[in-house]
file query37.cif (mmCIF, C-alpha atoms)
data_protein
#
loop_
_atom_site.label_atom_id
_atom_site.label_comp_id
_atom_site.auth_asym_id
_atom_site.auth_seq_id
_atom_site.Cartn_x
_atom_site.Cartn_y
_atom_site.Cartn_z
CA MET K 1 9.51 12.25 -15.05
CA ALA K 2 12.11 11.28 -12.46
CA GLN K 3 10.81 10.50 -9.03
CA THR K 4 12.28 10.18 -5.56
CA ILE K 5 11.58 7.05 -3.54
CA ILE K 6 10.34 8.07 -0.09
CA ASP K 7 10.25 4.52 1.27
CA SER K 8 9.88 1.03 -0.16
CA TYR K 9 10.10 -2.69 0.37
CA SER K 10 11.16 -4.51 -2.78
CA GLN K 11 9.15 -7.23 -4.45
CA VAL K 12 12.31 -9.38 -4.51
CA TYR K 13 11.43 -10.27 -0.90
CA ARG K 14 7.91 -11.48 -1.78
CA ASP K 15 7.45 -15.00 -0.49
CA SER K 16 3.69 -14.92 0.08
CA GLN K 17 0.52 -13.21 -1.02
CA ALA K 18 -2.48 -11.81 0.80
CA ASN K 19 -5.95 -12.32 -0.64
CA ILE K 20 -7.97 -9.11 -0.77
CA ASN K 21 -11.42 -10.60 -1.13
CA ASP K 22 -14.76 -10.88 0.68
CA VAL K 23 -13.00 -11.35 4.06
CA THR K 24 -10.14 -8.84 3.76
CA TRP K 25 -10.86 -5.39 2.29
CA GLY K 26 -7.46 -3.77 2.68
CA ILE K 27 -3.79 -4.22 3.40
CA ALA K 28 -1.34 -1.57 4.61
CA GLN K 29 2.32 -0.96 5.44
CA SER K 30 3.71 1.55 7.92
CA PHE K 31 6.57 3.81 6.83
CA LEU K 32 8.46 6.92 7.89
CA GLY K 33 7.63 10.30 6.34
CA SER K 34 10.49 12.21 4.76
CA GLY K 35 9.40 15.85 4.73
CA ILE K 36 8.54 15.81 1.00
CA THR K 37 5.24 15.20 -0.79
CA LEU K 38 3.73 11.81 -1.58
CA SER K 39 2.76 11.72 -5.27
CA ASN K 40 2.06 8.05 -5.98
CA VAL K 41 2.51 4.57 -4.63
CA GLN K 42 3.02 1.12 -6.12
CA PHE K 43 1.97 -2.29 -4.83
CA TYR K 44 3.05 -5.70 -6.17
CA LEU K 45 -0.19 -7.30 -7.40
CA LYS K 46 -1.87 -9.95 -9.49
CA LYS K 47 -5.40 -11.33 -9.60
CA TYR K 48 -7.17 -14.60 -9.03
CA GLY K 49 -10.17 -15.33 -11.22
CA ALA K 50 -11.90 -12.37 -12.83
CA PRO K 51 -12.33 -9.69 -10.16
CA THR K 52 -14.35 -6.59 -10.98
CA GLY K 53 -14.54 -3.15 -9.44
CA THR K 54 -11.80 -0.72 -8.57
CA MET K 55 -8.92 -0.51 -6.12
CA THR K 56 -7.49 2.61 -4.50
CA ALA K 57 -4.49 3.50 -2.40
CA ALA K 58 -4.98 5.59 0.72
CA LEU K 59 -2.66 7.31 3.17
CA TYR K 60 -3.49 7.12 6.88
CA VAL K 61 -2.24 8.39 10.20
CA HIS K 62 -0.28 5.71 12.05
CA THR K 63 -1.18 4.27 15.44
CA GLY K 64 0.57 1.63 17.53
CA THR K 65 4.27 0.89 17.92
CA PHE K 66 6.14 1.40 14.65
CA GLY K 67 7.45 -1.90 13.29
CA THR K 68 5.55 -4.02 15.80
CA SER K 69 1.89 -3.05 15.97
CA SER K 70 1.56 -0.27 13.38
CA LYS K 71 -1.82 0.13 11.75
CA PRO K 72 -3.87 2.89 10.11
CA THR K 73 -6.29 4.95 12.18
CA GLY K 74 -9.04 7.42 11.37
CA SER K 75 -10.15 8.47 7.91
CA ALA K 76 -7.81 8.48 4.94
CA LEU K 77 -5.68 11.63 4.62
CA ILE K 78 -5.70 11.26 0.84
CA THR K 79 -7.01 8.68 -1.64
CA SER K 80 -5.64 7.87 -5.08
CA ALA K 81 -7.32 7.61 -8.43
CA THR K 82 -8.87 4.19 -8.97
CA VAL K 83 -7.36 1.22 -10.82
CA ASN K 84 -9.57 -1.50 -12.27
CA ALA K 85 -8.95 -4.90 -10.66
CA SER K 86 -9.70 -6.54 -14.01
CA SER K 87 -6.54 -4.93 -15.47
CA LEU K 88 -4.30 -7.20 -13.36
CA SER K 89 -2.77 -10.40 -14.73
CA THR K 90 -3.63 -13.84 -13.38
CA THR K 91 -0.17 -15.18 -14.25
CA THR K 92 2.32 -12.34 -13.81
CA TRP K 93 3.03 -10.18 -10.76
CA SER K 94 3.36 -6.48 -11.54
CA LEU K 95 3.99 -3.20 -9.78
CA VAL K 96 0.72 -1.29 -10.08
CA THR K 97 0.81 2.50 -9.71
CA PHE K 98 -1.79 4.49 -7.79
CA THR K 99 -1.56 8.26 -8.33
CA PHE K 100 -2.80 11.00 -6.02
CA ALA K 101 -4.47 13.98 -7.73
CA LEU K 102 -2.68 16.37 -5.37
CA PRO K 103 0.62 15.43 -3.72
CA TYR K 104 0.35 15.10 0.05
CA PRO K 105 3.04 16.76 2.23
CA LEU K 106 4.56 14.15 4.54
CA GLU K 107 6.07 15.45 7.74
CA ALA K 108 9.66 14.41 8.39
CA SER K 109 10.13 11.80 11.12
CA THR K 110 6.39 11.08 11.25
CA TYR K 111 4.97 7.59 10.80
CA TYR K 112 2.23 6.88 8.26
CA CYS K 113 0.48 3.86 6.79
CA ILE K 114 -0.08 3.40 3.07
CA ALA K 115 -2.96 1.07 2.20
CA LEU K 116 -4.39 -0.79 -0.75
CA LEU K 117 -8.20 -0.88 -0.54
CA TYR K 118 -10.48 -3.20 -2.52
CA SER K 119 -13.98 -4.17 -1.36
CA SER K 120 -15.36 -5.92 -4.46
CA GLY K 121 -13.55 -9.25 -4.09
CA THR K 122 -15.22 -12.60 -3.60
CA SER K 123 -13.94 -16.01 -2.54
CA ASP K 124 -13.19 -16.92 -6.18
CA LYS K 125 -12.41 -13.47 -7.71
CA PHE K 126 -9.91 -11.37 -5.81
CA VAL K 127 -6.63 -9.45 -5.77
CA TYR K 128 -3.33 -10.82 -4.46
CA ALA K 129 -0.92 -8.38 -2.78
CA GLY K 130 2.66 -9.58 -2.46
CA TYR K 131 4.31 -9.53 0.95
CA ASP K 132 7.26 -10.94 2.87
CA ARG K 133 6.79 -13.19 5.88
CA THR K 134 10.39 -14.43 6.18
CA SER K 135 13.10 -11.77 5.75
CA LEU K 136 11.18 -8.89 7.40
CA LEU K 137 13.82 -6.26 6.67
CA HIS K 138 11.58 -3.18 6.59
CA SER K 139 11.46 -1.13 9.79
CA GLY K 140 7.64 -0.86 9.62
CA ASN K 141 5.05 -3.62 9.55
CA ARG K 142 1.97 -4.74 7.67
CA SER K 143 -1.67 -4.59 8.77
CA ILE K 144 -4.90 -6.00 7.34
CA MET K 145 -8.42 -4.54 7.31
CA ASN K 146 -11.39 -6.89 7.65
CA THR K 147 -14.93 -6.36 6.34
CA SER K 148 -15.86 -4.55 9.57
CA SER K 149 -13.22 -1.92 8.64
CA ILE K 150 -11.05 -2.92 11.60
CA TRP K 151 -7.28 -2.86 11.07
CA VAL K 152 -5.22 -5.65 12.65
CA SER K 153 -1.40 -5.45 12.64
CA ASP K 154 1.05 -8.28 12.11
CA SER K 155 4.81 -8.68 11.78
CA ASN K 156 4.98 -9.15 8.00
CA ASP K 157 6.07 -6.57 5.38
CA LEU K 158 4.05 -5.54 2.32
CA CYS K 159 5.89 -4.97 -0.98
CA PHE K 160 5.39 -1.28 -1.80
CA TYR K 161 7.00 1.89 -3.15
CA CYS K 162 6.09 5.45 -2.07
CA TYR K 163 7.22 8.15 -4.51
CA SER K 164 7.51 11.92 -4.64
CA ASN K 165 7.88 14.29 -7.57
CA GLN K 166 9.85 16.52 -5.21
CA ILE K 167 13.50 16.57 -4.16
CA ALA K 168 14.69 18.58 -1.14
CA GLY K 169 11.86 21.11 -1.34
CA ALA K 170 11.97 21.63 -5.13
CA PHE K 171 9.60 20.10 -7.66
CA ILE K 172 11.13 18.14 -10.53
CA LEU K 173 10.25 19.65 -13.91
#
call {"tool": "encode", "arguments": {"input": "query37.cif", "output": "structure tokens"}}
result
Amino acid sequence: MAQTIIDSYSQVYRDSQANINDVTWGIAQSFLGSGITLSNVQFYLKKYGAPTGTMTAALYVHTGTFGTSSKPTGSALITSATVNASSLSTTTWSLVTFTFALPYPLEASTYYCIALLYSSGTSDKFVYAGYDRTSLLHSGNRSIMNTSSIWVSDSNDLCFYCYSNQIAGAFIL
């Protein structure tokens, strides 16, 4: 099925990786809604050691200044189906897809944050999420959630893709 990219930041810009482990439980990127539905999202991931448990993607309302201090706020608007952390490779980065059971309608010209959540990591078994700390070409910015569920923004950009099964108000068959 063909899909429309709502927003993205390519993995070609990855020059670093964030550990999602026993200190960091989530990582997010702010982006601009397009007026069509969010169907799934991809993050650029690999694993360290042999992590267990599942990861999810979640869509949040945005707070802060877009591109400078963006971070998620409140409860997730929608959460994806789970993906097993053990399915990741320890040697190869890959785009991992998280699918939402029901597409979520994004409002045009509204900021959101898309997050990768994983709370089963340890100091020696965790998930890497690829991000860019040098080029910083995306208009949004990254944020990180600690184990107290507090989001902290920074100036980096997470590698991600947000997709829709919809084009200009019509669903793709």
call {"tool": "resolve_selection", "arguments": {"input": "query37.cif", "expression": "the PyMOL selection byres ((chain K and resi 117) around 10)", "output": "ChimeraX atom specification"}}
result
/K:20,24-28,54-58,79,82,114-116,118-120,144-145
call {"tool": "closest_residue", "arguments": {"input": "query37.cif", "among": "K:Asp15, K:Asp124, K:Glu107, K:Asp22", "to": "Leu136 of chain K", "atoms": "all atoms listed in the file"}}
result
K:Asp15
call {"tool": "resolve_selection", "arguments": {"input": "query37.cif", "expression": "the PyMOL selection byres ((chain K and resi 135) around 12)", "output": "list in words"}}
result
Tyr9, Ser10, Gln11, Val12, Tyr13, Arg14, Asp15, Ser16, Tyr131, Asp132, Arg133, Thr134, Leu136, Leu137, His138, Ser139, Ser155, Asn156, Asp157, Leu158 and Cys159 of chain K
call {"tool": "residues_around", "arguments": {"input": "query37.cif", "residues": "Asp7 of chain K", "least_positions_apart": "4", "cutoff": "7 Å", "atoms": "all atoms listed in the file", "output": "VMD selection string"}}
result
chain K and resid 31 161 to 162
call {"tool": "residues_near_point", "arguments": {"input": "query37.cif", "point": "(-1.0, -0.4, -6.1)", "cutoff": "7 Å", "atoms": "only C-alpha atoms", "output": "list in words"}}
result
Val41, Gln42, Phe43, Tyr44, Ala57, Leu95, Val96, Thr97, Phe98 and Leu116 of chain K
call {"tool": "residues_near_point", "arguments": {"input": "query37.cif", "point": "(7.5, -2.5, 12.6)", "cutoff": "7 Å", "atoms": "only C-alpha atoms", "output": "VMD selection string"}}
result
chain K and resid 66 to 70 139 to 141 155
call {"tool": "write_last_selection", "arguments": {"input": "query37.cif", "atoms": "C-alpha atoms", "output": "tab-separated table (two decimals), in the coordinates of the input"}}
result
chain	number	residue	atom	x	y	z
K	66	PHE	CA	6.14	1.40	14.65
K	67	GLY	CA	7.45	-1.90	13.29
K	68	THR	CA	5.55	-4.02	15.80
K	69	SER	CA	1.89	-3.05	15.97
K	70	SER	CA	1.56	-0.27	13.38
K	139	SER	CA	11.46	-1.13	9.79
K	140	GLY	CA	7.64	-0.86	9.62
K	141	ASN	CA	5.05	-3.62	9.55
K	155	SER	CA	4.81	-8.68	11.78
call {"tool": "closest_residue", "arguments": {"input": "query37.cif", "among": "K:Thr63, K:Ser86, K:Asn21, K:Gln3", "to": "Thr37 of chain K", "atoms": "only C-alpha atoms"}}
result
K:Gln3
call {"tool": "closest_residue", "arguments": {"input": "query37.cif", "among": "K:Val23, K:Ala50, K:Val83, K:Ile6", "to": "Leu38 of chain K", "atoms": "only C-alpha atoms"}}
result
K:Ile6
call {"tool": "resolve_selection", "arguments": {"input": "query37.cif", "expression": "the PyMOL selection byres ((chain K and resi 35) around 10)", "output": "ChimeraX atom specification"}}
result
/K:6,32-34,36-38,105-110,166-169
call {"tool": "closest_residue", "arguments": {"input": "query37.cif", "among": "K:Thr92, K:Thr147, K:Asn84, K:Gln29", "to": "Val61 of chain K", "atoms": "all atoms listed in the file"}}
result
K:Gln29
call {"tool": "closest_residue", "arguments": {"input": "query37.cif", "among": "K:Ser148, K:Asn40, K:Thr52, K:Ser94", "to": "Ala81 of chain K", "atoms": "all atoms listed in the file"}}
result
K:Asn40
call {"tool": "closest_residue", "arguments": {"input": "query37.cif", "among": "K:Tyr60, K:Lys46, K:Leu102, K:Lys125", "to": "Ser75 of chain K", "atoms": "all atoms listed in the file"}}
result
K:Tyr60
call {"tool": "atom_distance", "arguments": {"input": "query37.cif", "atom1": "atom CA of Ser30 of chain K", "atom2": "atom CA of Tyr163 of chain K"}}
result
14.5 Å
call {"tool": "atom_distance", "arguments": {"input": "query37.cif", "atom1": "atom CA of Tyr112 of chain K", "atom2": "atom CA of Pro72 of chain K"}}
result
7.5 Å
call {"tool": "atom_distance", "arguments": {"input": "query37.cif", "atom1": "atom CA of Ser39 of chain K", "atom2": "atom CA of Ala85 of chain K"}}
result
21.0 Å
call {"tool": "residues_around", "arguments": {"input": "query37.cif", "residues": "Leu45 of chain K", "least_positions_apart": "3", "cutoff": "6 Å", "atoms": "all atoms listed in the file", "output": "tab-separated table (two decimals) with C-alpha atoms, keeping the file's coordinate frame"}}
result
chain	number	residue	atom	x	y	z
K	93	TRP	CA	3.03	-10.18	-10.76
K	94	SER	CA	3.36	-6.48	-11.54
K	128	TYR	CA	-3.33	-10.82	-4.46
K	129	ALA	CA	-0.92	-8.38	-2.78
call {"tool": "build_atoms", "arguments": {"input": "query37.cif", "residues": "segment 130-147 of chain K", "atoms": "N, CA and C atoms", "output": "CSV table (one decimal), in the frame of the given file"}}
result
chain,number,residue,atom,x,y,z
K,130,GLY,N,1.4,-8.9,-2.9
K,130,GLY,CA,2.7,-9.6,-2.5
K,130,GLY,C,3.2,-9.0,-1.2
K,131,TYR,N,3.7,-9.9,-0.3
K,131,TYR,CA,4.3,-9.5,1.0
K,131,TYR,C,5.4,-10.5,1.4
K,132,ASP,N,6.2,-10.1,2.3
K,132,ASP,CA,7.3,-10.9,2.9
K,132,ASP,C,6.9,-11.4,4.3
K,133,ARG,N,7.0,-12.7,4.5
K,133,ARG,CA,6.8,-13.2,5.9
K,133,ARG,C,8.0,-13.9,6.5
K,134,THR,N,9.2,-13.7,5.7
K,134,THR,CA,10.4,-14.4,6.2
K,134,THR,C,11.5,-13.5,6.5
K,135,SER,N,11.9,-12.7,5.6
K,135,SER,CA,13.1,-11.8,5.8
K,135,SER,C,12.8,-10.6,6.7
K,136,LEU,N,11.7,-10.0,6.5
K,136,LEU,CA,11.2,-8.9,7.4
K,136,LEU,C,12.2,-7.8,7.7
K,137,LEU,N,12.7,-7.2,6.6
K,137,LEU,CA,13.8,-6.3,6.7
K,137,LEU,C,13.4,-4.8,6.8
K,138,HIS,N,12.1,-4.5,6.5
K,138,HIS,CA,11.6,-3.2,6.6
K,138,HIS,C,11.4,-2.8,8.1
K,139,SER,N,11.6,-1.6,8.4
K,139,SER,CA,11.5,-1.1,9.8
K,139,SER,C,10.0,-1.0,10.2
K,140,GLY,N,9.1,-0.9,9.3
K,140,GLY,CA,7.6,-0.9,9.6
K,140,GLY,C,7.0,-2.3,9.7
K,141,ASN,N,5.7,-2.3,9.6
K,141,ASN,CA,5.0,-3.6,9.6
K,141,ASN,C,3.7,-3.5,8.8
K,142,ARG,N,3.2,-4.6,8.4
K,142,ARG,CA,2.0,-4.7,7.7
K,142,ARG,C,0.8,-4.8,8.6
K,143,SER,N,-0.4,-4.4,8.1
K,143,SER,CA,-1.7,-4.6,8.8
K,143,SER,C,-2.7,-4.9,7.7
K,144,ILE,N,-3.8,-5.5,8.2
K,144,ILE,CA,-4.9,-6.0,7.3
K,144,ILE,C,-6.2,-5.5,7.9
K,145,MET,N,-7.1,-5.0,6.9
K,145,MET,CA,-8.4,-4.5,7.3
K,145,MET,C,-9.5,-5.6,7.0
K,146,ASN,N,-10.3,-5.9,7.9
K,146,ASN,CA,-11.4,-6.9,7.6
K,146,ASN,C,-12.6,-6.2,7.2
K,147,THR,N,-13.7,-6.9,6.9
K,147,THR,CA,-14.9,-6.4,6.3
K,147,THR,C,-15.7,-5.5,7.3
